[in-house]
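Note: the block below is data.tsv and it holds TSV, C-alpha atoms.
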chain	number	residue	atom	x	y	z
T	1	MET	CA	-10.35	-24.30	-8.73
T	2	GLU	CA	-8.12	-25.04	-5.76
T	3	ASP	CA	-4.42	-24.64	-6.35
T	4	LYS	CA	-3.74	-28.30	-5.47
T	5	TYR	CA	-5.91	-29.33	-8.44
T	6	THR	CA	-4.18	-27.00	-10.90
T	7	SER	CA	-1.67	-28.69	-13.17
T	8	LYS	CA	1.95	-28.02	-12.24
T	9	LEU	CA	3.01	-28.92	-15.76
T	10	SER	CA	3.20	-26.78	-18.88
T	11	PRO	CA	0.25	-26.91	-21.30
T	12	THR	CA	2.47	-28.68	-23.85
T	13	VAL	CA	3.40	-31.43	-21.39
T	14	ASP	CA	-0.25	-31.78	-20.38
T	15	PHE	CA	-1.28	-32.15	-24.02
T	16	TRP	CA	1.23	-34.90	-24.79
T	17	ALA	CA	0.46	-36.65	-21.51
T	18	GLY	CA	-3.19	-36.66	-22.61
T	19	ILE	CA	-2.30	-38.08	-26.01
T	20	TYR	CA	-0.21	-40.80	-24.38
T	21	LEU	CA	-3.09	-41.75	-22.09
T	22	VAL	CA	-5.50	-41.88	-25.04
T	23	VAL	CA	-3.22	-44.38	-26.80
T	24	ILE	CA	-2.77	-46.43	-23.61
T	25	ALA	CA	-6.52	-46.45	-22.97
T	26	ILE	CA	-7.38	-47.60	-26.51
T	27	LEU	CA	-4.76	-50.36	-26.54
T	28	SER	CA	-5.74	-51.51	-23.06
T	29	VAL	CA	-9.46	-51.70	-23.81
T	30	LEU	CA	-9.06	-53.40	-27.19
T	31	GLY	CA	-6.45	-55.89	-25.99
T	32	ASN	CA	-8.21	-56.90	-22.81
T	33	VAL	CA	-11.62	-57.06	-24.49
T	34	ALA	CA	-10.03	-59.50	-26.93
T	35	VAL	CA	-8.83	-61.60	-23.97
T	36	LEU	CA	-12.30	-61.61	-22.42
T	37	VAL	CA	-14.02	-62.41	-25.73
T	38	SER	CA	-11.54	-65.22	-26.39
T	39	SER	CA	-12.24	-66.69	-22.96
T	40	ALA	CA	-16.01	-66.27	-23.29
T	41	ARG	CA	-16.01	-68.21	-26.58
T	42	ARG	CA	-14.50	-71.30	-24.94
T	43	PRO	CA	-15.73	-71.27	-21.31
T	44	THR	CA	-15.82	-75.06	-20.97
T	45	LEU	CA	-12.22	-75.37	-22.19
T	46	LEU	CA	-10.78	-72.92	-19.67
T	47	LYS	CA	-8.66	-74.59	-17.03
T	48	ALA	CA	-9.16	-73.41	-13.47
T	49	PRO	CA	-5.87	-71.41	-13.25
T	50	GLU	CA	-6.80	-69.60	-16.49
T	51	LEU	CA	-9.58	-67.88	-14.56
T	52	LEU	CA	-6.81	-65.84	-12.94
T	53	THR	CA	-5.79	-64.63	-16.39
T	54	VAL	CA	-9.38	-63.58	-17.03
T	55	ASN	CA	-9.45	-61.78	-13.67
T	56	LEU	CA	-6.26	-59.93	-14.56
T	57	ALA	CA	-7.86	-58.76	-17.80
T	58	VAL	CA	-10.88	-57.54	-15.82
T	59	THR	CA	-8.66	-55.47	-13.51
T	60	ASP	CA	-6.80	-53.97	-16.47
T	61	ILE	CA	-9.89	-53.02	-18.44
T	62	GLY	CA	-11.58	-51.79	-15.26
T	63	MET	CA	-8.70	-49.42	-14.60
T	64	ALA	CA	-8.70	-48.21	-18.20
T	65	LEU	CA	-12.44	-47.50	-18.26
T	66	SER	CA	-12.89	-46.06	-14.76
T	67	MET	CA	-9.74	-43.94	-14.44
T	68	TYR	CA	-8.12	-43.03	-17.75
T	69	PRO	CA	-10.99	-40.90	-19.17
T	70	LEU	CA	-10.83	-38.60	-16.14
T	71	SER	CA	-7.04	-38.25	-16.40
T	72	ILE	CA	-7.29	-37.59	-20.14
T	73	ALA	CA	-9.93	-34.90	-19.71
T	74	SER	CA	-7.94	-33.28	-16.90
T	75	ALA	CA	-4.75	-33.28	-18.97
T	76	PHE	CA	-6.43	-31.49	-21.86
T	77	ASN	CA	-8.12	-29.15	-19.36
T	78	HIS	CA	-4.76	-28.28	-17.74
T	79	ALA	CA	-6.40	-28.84	-14.34
T	80	TRP	CA	-8.03	-31.65	-12.40
T	81	ILE	CA	-11.74	-31.92	-13.16
T	82	GLY	CA	-14.29	-32.46	-10.38
T	83	GLY	CA	-12.41	-31.36	-7.27
T	84	ASP	CA	-12.45	-33.45	-4.11
T	85	THR	CA	-15.29	-35.74	-5.20
T	86	SER	CA	-13.65	-36.95	-8.40
T	87	CYS	CA	-10.28	-37.16	-6.63
T	88	LEU	CA	-11.81	-39.47	-4.05
T	89	TYR	CA	-13.42	-41.56	-6.79
T	90	TYR	CA	-10.15	-41.78	-8.76
T	91	GLY	CA	-8.14	-42.82	-5.70
T	92	LEU	CA	-10.78	-45.40	-4.80
T	93	MET	CA	-10.74	-46.98	-8.27
T	94	GLY	CA	-6.96	-46.92	-8.39
T	95	MET	CA	-6.71	-48.71	-5.05
T	96	ILE	CA	-9.28	-51.38	-5.96
T	97	PHE	CA	-7.80	-52.34	-9.32
T	98	SER	CA	-4.11	-52.04	-8.39
T	99	VAL	CA	-4.49	-54.18	-5.25
T	100	ALA	CA	-6.62	-56.70	-7.17
T	101	SER	CA	-3.95	-56.85	-9.90
T	102	ILE	CA	-0.97	-57.49	-7.66
T	103	MET	CA	-2.87	-60.03	-5.55
T	104	THR	CA	-3.99	-61.85	-8.71
T	105	LEU	CA	-0.37	-62.00	-9.87
T	106	THR	CA	0.66	-63.30	-6.45
T	107	VAL	CA	-1.92	-66.08	-6.52
T	108	MET	CA	-0.98	-66.86	-10.13
T	109	GLY	CA	2.66	-67.28	-9.10
T	110	MET	CA	1.80	-69.51	-6.16
T	111	VAL	CA	-0.50	-71.67	-8.30
T	112	ARG	CA	2.23	-72.07	-10.91
T	113	TYR	CA	4.66	-73.03	-8.15
T	114	LEU	CA	2.32	-75.71	-6.79
T	115	VAL	CA	1.57	-77.31	-10.17
T	116	THR	CA	4.96	-76.96	-11.88
T	117	GLY	CA	7.08	-80.08	-12.01
T	118	ASN	CA	4.28	-82.42	-10.95
T	119	PRO	CA	3.05	-85.24	-13.20
T	120	PRO	CA	-0.11	-84.05	-15.00
T	121	LYS	CA	-2.23	-86.99	-13.80
T	122	THR	CA	-1.08	-87.28	-10.20
T	123	GLY	CA	0.20	-83.80	-9.34
T	124	ASN	CA	-1.51	-80.85	-7.65
T	125	LYS	CA	-4.70	-79.73	-9.40
T	126	PHE	CA	-7.03	-76.84	-8.73
T	127	GLN	CA	-10.77	-76.96	-9.20
T	128	ARG	CA	-12.76	-74.07	-10.63
T	129	ARG	CA	-14.59	-73.70	-7.35
T	130	THR	CA	-11.31	-73.22	-5.49
T	131	ILE	CA	-10.00	-70.59	-7.92
T	132	THR	CA	-13.38	-68.81	-7.93
T	133	ILE	CA	-13.31	-68.56	-4.14
T	134	VAL	CA	-9.75	-67.24	-4.26
T	135	ILE	CA	-10.71	-64.60	-6.85
T	136	SER	CA	-13.66	-63.53	-4.69
T	137	GLY	CA	-11.26	-63.17	-1.76
T	138	ILE	CA	-8.95	-61.02	-3.89
T	139	TRP	CA	-11.75	-58.58	-4.71
T	140	LEU	CA	-12.94	-58.44	-1.10
T	141	TYR	CA	-9.37	-57.71	-0.01
T	142	ALA	CA	-9.02	-54.94	-2.62
T	143	PHE	CA	-12.35	-53.33	-1.67
T	144	LEU	CA	-11.41	-53.46	2.01
T	145	TRP	CA	-8.20	-51.52	1.45
T	146	ALA	CA	-9.95	-49.04	-0.83
T	147	LEU	CA	-12.59	-48.33	1.85
T	148	PHE	CA	-10.15	-47.71	4.70
T	149	PRO	CA	-9.44	-44.06	3.70
T	150	LEU	CA	-13.19	-43.46	3.47
T	151	LEU	CA	-13.56	-44.79	7.01
T	152	GLY	CA	-10.90	-42.46	8.39
T	153	TRP	CA	-7.72	-44.53	8.19
T	154	GLY	CA	-5.41	-42.89	5.66
T	155	ASN	CA	-6.42	-40.48	2.94
T	156	TYR	CA	-6.56	-39.94	-0.82
T	157	GLY	CA	-5.07	-36.83	-2.37
T	158	PRO	CA	-3.79	-35.29	-5.62
T	159	GLU	CA	-0.50	-36.31	-7.16
T	160	PRO	CA	2.26	-33.68	-7.15
T	161	PHE	CA	1.73	-32.81	-10.83
T	162	GLY	CA	-2.00	-32.18	-10.27
T	163	LEU	CA	-3.59	-34.46	-12.91
T	164	ALA	CA	-4.27	-37.62	-10.88
T	165	CYS	CA	-5.10	-38.75	-7.37
T	166	SER	CA	-3.83	-41.58	-5.22
T	167	VAL	CA	-2.94	-42.39	-1.63
T	168	ASP	CA	-1.66	-39.25	0.11
T	169	TRP	CA	1.92	-40.47	0.30
T	170	ALA	CA	3.23	-37.11	1.53
T	171	GLY	CA	0.85	-37.36	4.51
T	172	TYR	CA	3.14	-40.02	6.00
T	173	GLN	CA	4.79	-37.38	8.17
T	174	LYS	CA	1.59	-35.54	9.09
T	175	SER	CA	0.06	-37.94	11.60
T	176	LEU	CA	0.22	-41.43	13.04
T	177	ASN	CA	-3.05	-42.18	11.25
T	178	HIS	CA	-1.52	-41.54	7.83
T	179	SER	CA	1.83	-43.17	8.56
T	180	SER	CA	0.31	-46.37	10.00
T	181	PHE	CA	-2.01	-46.74	7.00
T	182	ILE	CA	0.74	-46.19	4.44
T	183	MET	CA	3.19	-48.57	6.14
T	184	THR	CA	0.59	-51.30	6.59
T	185	LEU	CA	-0.57	-50.87	2.98
T	186	SER	CA	3.03	-51.02	1.76
T	187	VAL	CA	3.80	-54.20	3.68
T	188	LEU	CA	0.59	-56.14	2.99
T	189	CYS	CA	-0.11	-54.96	-0.57
T	190	THR	CA	3.38	-54.39	-1.97
T	191	PHE	CA	6.31	-55.96	-0.15
T	192	ILE	CA	4.79	-59.30	0.89
T	193	PRO	CA	3.11	-59.92	-2.51
T	194	CYS	CA	6.36	-59.09	-4.31
T	195	LEU	CA	8.33	-61.42	-2.05
T	196	LEU	CA	5.81	-64.20	-2.63
T	197	ILE	CA	6.08	-63.68	-6.40
T	198	LEU	CA	9.88	-63.83	-6.23
T	199	PHE	CA	9.72	-66.91	-4.01
T	200	ALA	CA	7.24	-68.64	-6.33
T	201	TYR	CA	9.23	-68.15	-9.52
T	202	SER	CA	12.55	-68.91	-7.83
T	203	GLY	CA	11.00	-72.15	-6.60
T	204	ILE	CA	9.68	-72.84	-10.08
T	205	ALA	CA	13.18	-72.40	-11.51
T	206	VAL	CA	14.52	-74.99	-9.04
T	207	LYS	CA	11.68	-77.39	-9.84
T	208	LEU	CA	12.20	-77.05	-13.59
T	209	HIS	CA	15.93	-77.67	-13.19
T	210	ARG	CA	15.17	-80.92	-11.39
T	211	ALA	CA	12.50	-81.81	-13.95
T	212	TYR	CA	14.94	-81.32	-16.85
T	213	ARG	CA	17.38	-83.71	-15.21
T	214	SER	CA	14.52	-86.20	-14.94
T	215	ILE	CA	13.72	-85.65	-18.59
T	216	LYS	CA	17.31	-86.34	-19.57
T	217	ASN	CA	17.52	-89.52	-17.55
T	218	ASN	CA	14.03	-90.98	-17.95
T	219	GLU	CA	12.79	-89.38	-21.18
T	220	PHE	CA	10.00	-87.56	-19.35
T	221	HIS	CA	8.54	-85.22	-21.97
T	222	TYR	CA	6.23	-82.67	-20.39
T	223	GLY	CA	8.98	-80.19	-19.38
T	224	ASN	CA	8.73	-77.97	-22.47
T	225	ILE	CA	5.06	-77.23	-21.80
T	226	GLU	CA	5.82	-76.30	-18.20
T	227	LYS	CA	8.64	-74.06	-19.35
T	228	LYS	CA	6.44	-72.20	-21.83
T	229	ILE	CA	3.59	-71.63	-19.39
T	230	THR	CA	5.97	-70.54	-16.65
T	231	LEU	CA	7.80	-68.14	-18.95
T	232	MET	CA	4.49	-66.49	-19.86
T	233	ALA	CA	3.60	-66.08	-16.18
T	234	VAL	CA	7.05	-64.70	-15.39
T	235	MET	CA	6.77	-62.12	-18.16
T	236	ILE	CA	3.31	-61.01	-16.97
T	237	SER	CA	4.45	-60.62	-13.35
T	238	SER	CA	7.77	-59.03	-14.26
T	239	GLY	CA	6.09	-56.53	-16.56
T	240	PHE	CA	3.71	-55.44	-13.80
T	241	LEU	CA	6.48	-55.08	-11.22
T	242	VAL	CA	8.78	-53.20	-13.59
T	243	ALA	CA	5.97	-50.84	-14.63
T	244	TRP	CA	5.06	-50.00	-11.04
T	245	ALA	CA	8.56	-49.96	-9.49
T	246	PRO	CA	9.38	-46.32	-10.47
T	247	TYR	CA	6.05	-45.11	-9.09
T	248	VAL	CA	6.64	-46.93	-5.78
T	249	ALA	CA	10.14	-45.45	-5.59
T	250	VAL	CA	8.86	-41.90	-6.14
T	251	SER	CA	6.07	-42.43	-3.61
T	252	PHE	CA	8.51	-43.61	-0.95
T	253	TRP	CA	10.79	-40.69	-1.71
T	254	SER	CA	7.93	-38.28	-0.96
T	255	MET	CA	7.18	-40.21	2.24
T	256	PHE	CA	10.63	-39.97	3.82
T	257	HIS	CA	11.76	-36.51	2.78
T	258	THR	CA	10.81	-33.49	4.80
T	259	GLN	CA	9.57	-31.46	1.82
T	260	GLY	CA	7.18	-34.24	0.83
T	261	GLN	CA	5.77	-33.95	-2.66
T	262	ASP	CA	7.49	-30.59	-3.23
T	263	SER	CA	10.89	-32.30	-3.06
T	264	LEU	CA	10.41	-33.59	-6.62
T	265	ALA	CA	9.84	-31.68	-9.83
T	266	PRO	CA	6.32	-32.23	-11.21
T	267	VAL	CA	7.63	-33.86	-14.40
T	268	VAL	CA	9.71	-36.31	-12.34
T	269	SER	CA	6.59	-37.43	-10.49
T	270	LEU	CA	4.55	-37.53	-13.73
T	271	LEU	CA	6.74	-39.96	-15.69
T	272	PRO	CA	6.54	-42.91	-13.23
T	273	CYS	CA	2.77	-42.46	-13.03
T	274	LEU	CA	2.44	-42.61	-16.83
T	275	PHE	CA	4.76	-45.60	-17.01
T	276	ALA	CA	2.72	-47.46	-14.38
T	277	LYS	CA	-0.40	-47.06	-16.53
T	278	SER	CA	1.28	-49.04	-19.31
T	279	SER	CA	0.89	-52.15	-17.12
T	280	THR	CA	-2.69	-52.52	-18.43
T	281	VAL	CA	-1.56	-52.80	-22.07
T	282	TYR	CA	1.04	-55.49	-22.60
T	283	ASN	CA	-0.62	-58.63	-21.17
T	284	PRO	CA	-2.71	-59.30	-24.33
T	285	PHE	CA	0.48	-59.13	-26.41
T	286	ILE	CA	2.10	-61.71	-24.12
T	287	TYR	CA	-0.94	-63.97	-24.47
T	288	TYR	CA	-0.77	-63.60	-28.26
T	289	ILE	CA	2.85	-64.75	-28.28
T	290	PHE	CA	2.42	-67.73	-25.96
T	291	GLN	CA	-1.18	-68.92	-26.33
T	292	ARG	CA	-2.18	-70.63	-29.57
T	293	SER	CA	-5.83	-70.65	-28.51
T	294	PHE	CA	-5.80	-66.86	-28.09
T	295	ARG	CA	-4.33	-66.39	-31.58
T	296	ARG	CA	-6.95	-68.76	-33.00
T	297	GLU	CA	-9.82	-66.89	-31.35
T	298	LEU	CA	-8.48	-63.57	-32.62
T	299	ARG	CA	-8.47	-64.93	-36.17
T	300	ARG	CA	-12.05	-66.10	-35.76
T	301	PHE	CA	-13.03	-62.71	-34.38
T	302	ARG	CA	-11.37	-61.03	-37.35
T	303	ARG	CA	-13.37	-63.21	-39.73
T	304	LEU	CA	-16.55	-62.32	-37.85
T	305	VAL	CA	-15.78	-58.59	-38.13
T	306	CYS	CA	-15.15	-59.00	-41.84
T	307	ARG	CA	-18.49	-60.74	-42.35
T	308	CYS	CA	-20.23	-57.89	-40.55
T	309	CYS	CA	-18.37	-55.44	-42.75
T	310	CYS	CA	-19.51	-57.30	-45.82
T	311	ARG	CA	-23.13	-57.38	-44.68
T	312	GLN	CA	-23.15	-53.64	-44.11
T	313	SER	CA	-21.71	-52.88	-47.53
T	314	GLU	CA	-23.53	-55.50	-49.59
T	315	SER	CA	-25.99	-54.68	-52.37
T	316	PRO	CA	-29.40	-56.41	-52.28
T	317	ALA	CA	-29.41	-57.00	-56.02
T	318	GLN	CA	-25.88	-58.15	-56.70
T	319	GLY	CA	-22.62	-59.04	-55.01
T	320	ILE	CA	-19.96	-56.39	-54.48
T	321	GLU	CA	-16.36	-57.32	-55.15
T	322	ARG	CA	-13.78	-55.45	-53.10
T	323	LYS	CA	-10.06	-56.25	-52.98
T	324	ASN	CA	-10.06	-60.02	-53.11
T	325	VAL	CA	-13.38	-60.36	-51.26
T	326	THR	CA	-16.76	-61.09	-52.76
T	327	CYS	CA	-19.76	-60.16	-50.64
T	328	LYS	CA	-22.99	-61.69	-51.85
T	329	GLY	CA	-26.28	-62.51	-50.22
T	330	SER	CA	-25.61	-62.39	-46.50
T	331	ASP	CA	-22.07	-63.70	-46.06
T	332	CYS	CA	-18.42	-63.00	-46.77
T	333	THR	CA	-16.00	-65.14	-48.74
T	334	SER	CA	-12.98	-67.10	-47.70
T	335	LEU	CA	-10.59	-65.44	-45.30
T	336	GLY	CA	-7.78	-67.96	-45.60
T	337	ASP	CA	-7.14	-71.49	-44.38
T	338	ASP	CA	-8.08	-73.19	-41.15
T	339	GLU	CA	-5.62	-74.95	-38.82
T	340	ASN	CA	-5.59	-78.05	-41.05
T	341	GLY	CA	-4.82	-76.06	-44.18
T	342	LYS	CA	-8.34	-76.29	-45.62
T	343	PRO	CA	-9.84	-73.19	-47.21
T	344	LEU	CA	-12.25	-71.24	-45.04
T	345	ALA	CA	-14.97	-70.52	-47.57
T	346	GLY	CA	-18.39	-69.02	-47.05
T	347	PRO	CA	-21.44	-70.30	-48.91
T	348	THR	CA	-20.79	-67.89	-51.78
T	349	GLY	CA	-17.32	-69.19	-52.57
T	350	ALA	CA	-13.95	-67.47	-52.40
T	351	VAL	CA	-11.92	-65.10	-54.49
T	352	VAL	CA	-8.22	-65.52	-53.73
T	353	ALA	CA	-5.54	-63.40	-55.30
T	354	ALA	CA	-3.10	-65.17	-57.57
T	355	GLY	CA	0.09	-66.06	-55.76
T	356	GLN	CA	-1.50	-65.49	-52.35
T	357	PRO	CA	0.24	-67.79	-49.81
T	358	ARG	CA	-1.97	-70.34	-48.12
T	359	GLY	CA	-3.00	-69.55	-44.58
T	360	GLU	CA	-2.87	-65.78	-45.04
T	361	VAL	CA	-5.94	-63.63	-44.72
T	362	THR	CA	-7.00	-62.35	-48.11
T	363	SER	CA	-9.78	-60.10	-46.94
T	364	LEU	CA	-8.98	-56.42	-46.61
T	365	CYS	CA	-12.47	-55.29	-45.70
Give the structure from this file in structure tokens form.
Amino acid sequence: MEDKYTSKLSPTVDFWAGIYLVVIAILSVLGNVAVLVSSARRPTLLKAPELLTVNLAVTDIGMALSMYPLSIASAFNHAWIGGDTSCLYYGLMGMIFSVASIMTLTVMGMVRYLVTGNPPKTGNKFQRRTITIVISGIWLYAFLWALFPLLGWGNYGPEPFGLACSVDWAGYQKSLNHSSFIMTLSVLCTFIPCLLILFAYSGIAVKLHRAYRSIKNNEFHYGNIEKKITLMAVMISSGFLVAWAPYVAVSFWSMFHTQGQDSLAPVVSLLPCLFAKSSTVYNPFIYYIFQRSFRRELRRFRRLVCRCCCRQSESPAQGIERKNVTCKGSDCTSLGDDENGKPLAGPTGAVVAAGQPRGEVTSLC
């Protein structure tokens, strides 16, 4: 094993870094799968801009599935697994999904800016075809930047702590090839997108301020919906930028200091990298807070899981009663009330605990 692929951290730090990544990976996969399932269950009801939300979930789950397992295995191994080949693969996947994420957030901000404050019937609208073309362009852009190092412009290399790979930031001072790639990447995939995001949401704030004055004077009542949707988008974009800001700062430090990556302690370079990986986790929680349809689909999915649980544990001859749930035949009993307050009962009836509040899930299976 080459020294550059040996962990510069203690075995204890490696172990806990691995545990952290396991938790992040599980939460990211479960949360973003829920987003995709929720969207797949109502494809005809999705508005065109919501396709960007779906695309963001795809980038998050893609990063979790393609990158985190290798980092987790390397952390528990106390050394990078796979050498140059896996390092190249890891850097490639990281470039594709990170560029796709920030460009999706940029487009999301610009779309919100264009539609915010306009009357719903006469304002700017986006067709699915338009958003689909834009999403295709985002992925082509991400793949293009990921391929440049493979074609000889720039390079991928191990992180200072030895358990991950990325753009060779320390190579900035090695050659014009490396420095030109890193500076162009920084401008076109970091600085300009961030400026566009800031411009979009600053413009949205101005538009909403004007809209609220219109509401006050003319009793125009769609402002609260705009505010809620915009706040959700702001939280998603802000979370991504905050999660990645420390990593960008550390990367630029290694670029402009003569000692390069050795100018920072391995733990100092590890923490921003771990924090950046949390960016794939929190979006589903934001959707749960702001989107009623997402909460509704999650409840339906929970009921479906419970029915499957009941089918697997049922007895052919008789029903099996388990903690307020009766499984009988091929179905599960009531799991609570629907949106109108009516009981959600299966064909076998329901067993509800005495004093159980309406609307709460009674099944514990």
* To do: Mind checking which residues fall within 9 Å of Ala100 (chain T), counting all atoms listed in the file, ignoring those fewer than 3 positions away in the same chain, and posting them as a list in words?
  =>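 Near neighbours after the sequence-gap exclusion: Asn55, Leu56, Thr59, Met95, Ile96, Phe97, Met103, Thr104, Leu105, Ile135, Ile138, Trp139, Leu140, Tyr141, Ala142 and Phe143 of chain T.
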For the selection just defined, write its residues with C-alpha atoms to a file, as a PDB file, in the coordinates of the input.
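Everything below was put into again.pdb:
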ATOM      1  CA  ASN T  55      -9.450 -61.780 -13.670  1.00  0.00           C
ATOM      2  CA  LEU T  56      -6.260 -59.930 -14.560  1.00  0.00           C
ATOM      3  CA  THR T  59      -8.660 -55.470 -13.510  1.00  0.00           C
ATOM      4  CA  MET T  95      -6.710 -48.710  -5.050  1.00  0.00           C
ATOM      5  CA  ILE T  96      -9.280 -51.380  -5.960  1.00  0.00           C
ATOM      6  CA  PHE T  97      -7.800 -52.340  -9.320  1.00  0.00           C
ATOM      7  CA  MET T 103      -2.870 -60.030  -5.550  1.00  0.00           C
ATOM      8  CA  THR T 104      -3.990 -61.850  -8.710  1.00  0.00           C
ATOM      9  CA  LEU T 105      -0.370 -62.000  -9.870  1.00  0.00           C
ATOM     10  CA  ILE T 135     -10.710 -64.600  -6.850  1.00  0.00           C
ATOM     11  CA  ILE T 138      -8.950 -61.020  -3.890  1.00  0.00           C
ATOM     12  CA  TRP T 139     -11.750 -58.580  -4.710  1.00  0.00           C
ATOM     13  CA  LEU T 140     -12.940 -58.440  -1.100  1.00  0.00           C
ATOM     14  CA  TYR T 141      -9.370 -57.710  -0.010  1.00  0.00           C
ATOM     15  CA  ALA T 142      -9.020 -54.940  -2.620  1.00  0.00           C
ATOM     16  CA  PHE T 143     -12.350 -53.330  -1.670  1.00  0.00           C
TER      17      PHE T 143
END
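Each of T:Tyr247, T:Phe252, T:Tyr113, T:Phe240 was compared to Phe199 (chain T) using all atoms listed in the file, and T:Tyr113 turns out to be the nearest.
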* **Distance in Å - CA of Arg295 (chain T) versus CA of Ile26 (chain T)** =>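 Straight-line distance from CA of Arg295 (chain T) to CA of Ile26 (chain T) works out to 19.7 Å.
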Contacts of Thr12 (chain T) within 12 Å, all atoms listed in the file, excl. fewer than 3 positions in-chain, as a PDB file with C-alpha atoms, in the coordinates of the input:
ATOM      1  CA  SER T   7      -1.670 -28.690 -13.170  1.00  0.00           C
ATOM      2  CA  LYS T   8       1.950 -28.020 -12.240  1.00  0.00           C
ATOM      3  CA  LEU T   9       3.010 -28.920 -15.760  1.00  0.00           C
ATOM      4  CA  PHE T  15      -1.280 -32.150 -24.020  1.00  0.00           C
ATOM      5  CA  TRP T  16       1.230 -34.900 -24.790  1.00  0.00           C
ATOM      6  CA  ALA T  17       0.460 -36.650 -21.510  1.00  0.00           C
ATOM      7  CA  GLY T  18      -3.190 -36.660 -22.610  1.00  0.00           C
ATOM      8  CA  ILE T  19      -2.300 -38.080 -26.010  1.00  0.00           C
ATOM      9  CA  ALA T  75      -4.750 -33.280 -18.970  1.00  0.00           C
ATOM     10  CA  PHE T  76      -6.430 -31.490 -21.860  1.00  0.00           C
ATOM     11  CA  ASN T  77      -8.120 -29.150 -19.360  1.00  0.00           C
ATOM     12  CA  HIS T  78      -4.760 -28.280 -17.740  1.00  0.00           C
ATOM     13  CA  VAL T 267       7.630 -33.860 -14.400  1.00  0.00           C
TER      14      VAL T 267
END
* **Point-to-point distance in Å for CA of Leu52 (chain T) and CA of Met110 (chain T)** =>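 The value is 11.6 Å.
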* Can you list, as a ChimeraX atom specification, every protein, DNA or RNA residue that comes within 9 Å of Thr106 (chain T) when you count all atoms listed in the file, leaving out same-chain residues fewer than 4 positions away? -> /T:101-102,110-111,193-194,196-197,200,237
Set up a box along x, y and z of the file covering all listed atoms of region 133-147 of chain T, add 5 Å on every one of the six sides, and write the centre and edge lengths in Å to one decimal, as AutoDock Vina command-line options.
--center_x -10.9 --center_y -58.4 --center_z -2.4 --size_x 15.5 --size_y 30.2 --size_z 18.9
* Might you pull out every residue within 10 Å of Cys87 (chain T), with only C-alpha atoms counted and same-chain residues fewer than 2 positions away left off, and present them as a list of chain:residue names? => T:Tyr5, T:Leu70, T:Trp80, T:Ile81, T:Gly82, T:Gly83, T:Asp84, T:Thr85, T:Tyr89, T:Tyr90, T:Gly91, T:Leu92, T:Met93, T:Tyr156, T:Gly157, T:Pro158, T:Glu159, T:Leu163, T:Ala164, T:Cys165, T:Ser166
Write out as a short mmCIF file (atom, residue, chain, number, x, y, z; two decimals) with C-alpha atoms, in the frame of the given file which residues come within 9 Å of Asn155 (chain T) when counting only C-alpha atoms, dropping same-chain ones fewer than 2 positions away.
data_model
loop_
_atom_site.label_atom_id
_atom_site.label_comp_id
_atom_site.auth_asym_id
_atom_site.auth_seq_id
_atom_site.Cartn_x
_atom_site.Cartn_y
_atom_site.Cartn_z
CA LEU T 88 -11.81 -39.47 -4.05
CA PHE T 148 -10.15 -47.71 4.70
CA PRO T 149 -9.44 -44.06 3.70
CA LEU T 150 -13.19 -43.46 3.47
CA GLY T 152 -10.90 -42.46 8.39
CA TRP T 153 -7.72 -44.53 8.19
CA GLY T 157 -5.07 -36.83 -2.37
CA SER T 166 -3.83 -41.58 -5.22
CA VAL T 167 -2.94 -42.39 -1.63
CA ASP T 168 -1.66 -39.25 0.11
CA TRP T 169 1.92 -40.47 0.30
CA GLY T 171 0.85 -37.36 4.51
CA HIS T 178 -1.52 -41.54 7.83
CA PHE T 181 -2.01 -46.74 7.00
#
* From the set T:Ser278, T:Asn283, T:Ser269, T:Ser238, which residue has the shortest atom-to-atom contact distance to Leu198 (chain T), counting only C-alpha atoms? ->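 Looking only at the distances to Leu198 (chain T), the closest residue turns out to be T:Ser238.
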* Structure fact -> The residue from T:Val13, T:Ile286, T:Ile204, T:Arg299 with the smallest atom-to-atom distance to Thr116 (chain T), counting only C-alpha atoms, is T:Ile204
* Structure fact -> One residue among T:Ser251, T:Gly162, T:Leu27, T:Leu21 is nearest to Pro266 (chain T) when using all atoms listed in the file, and that residue is T:Gly162
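Here the question is which of T:Ile289, T:Ser28, T:Thr44, T:Pro160 gets nearest to Leu270 (chain T) using all atoms listed in the file, and that residue is T:Pro160.
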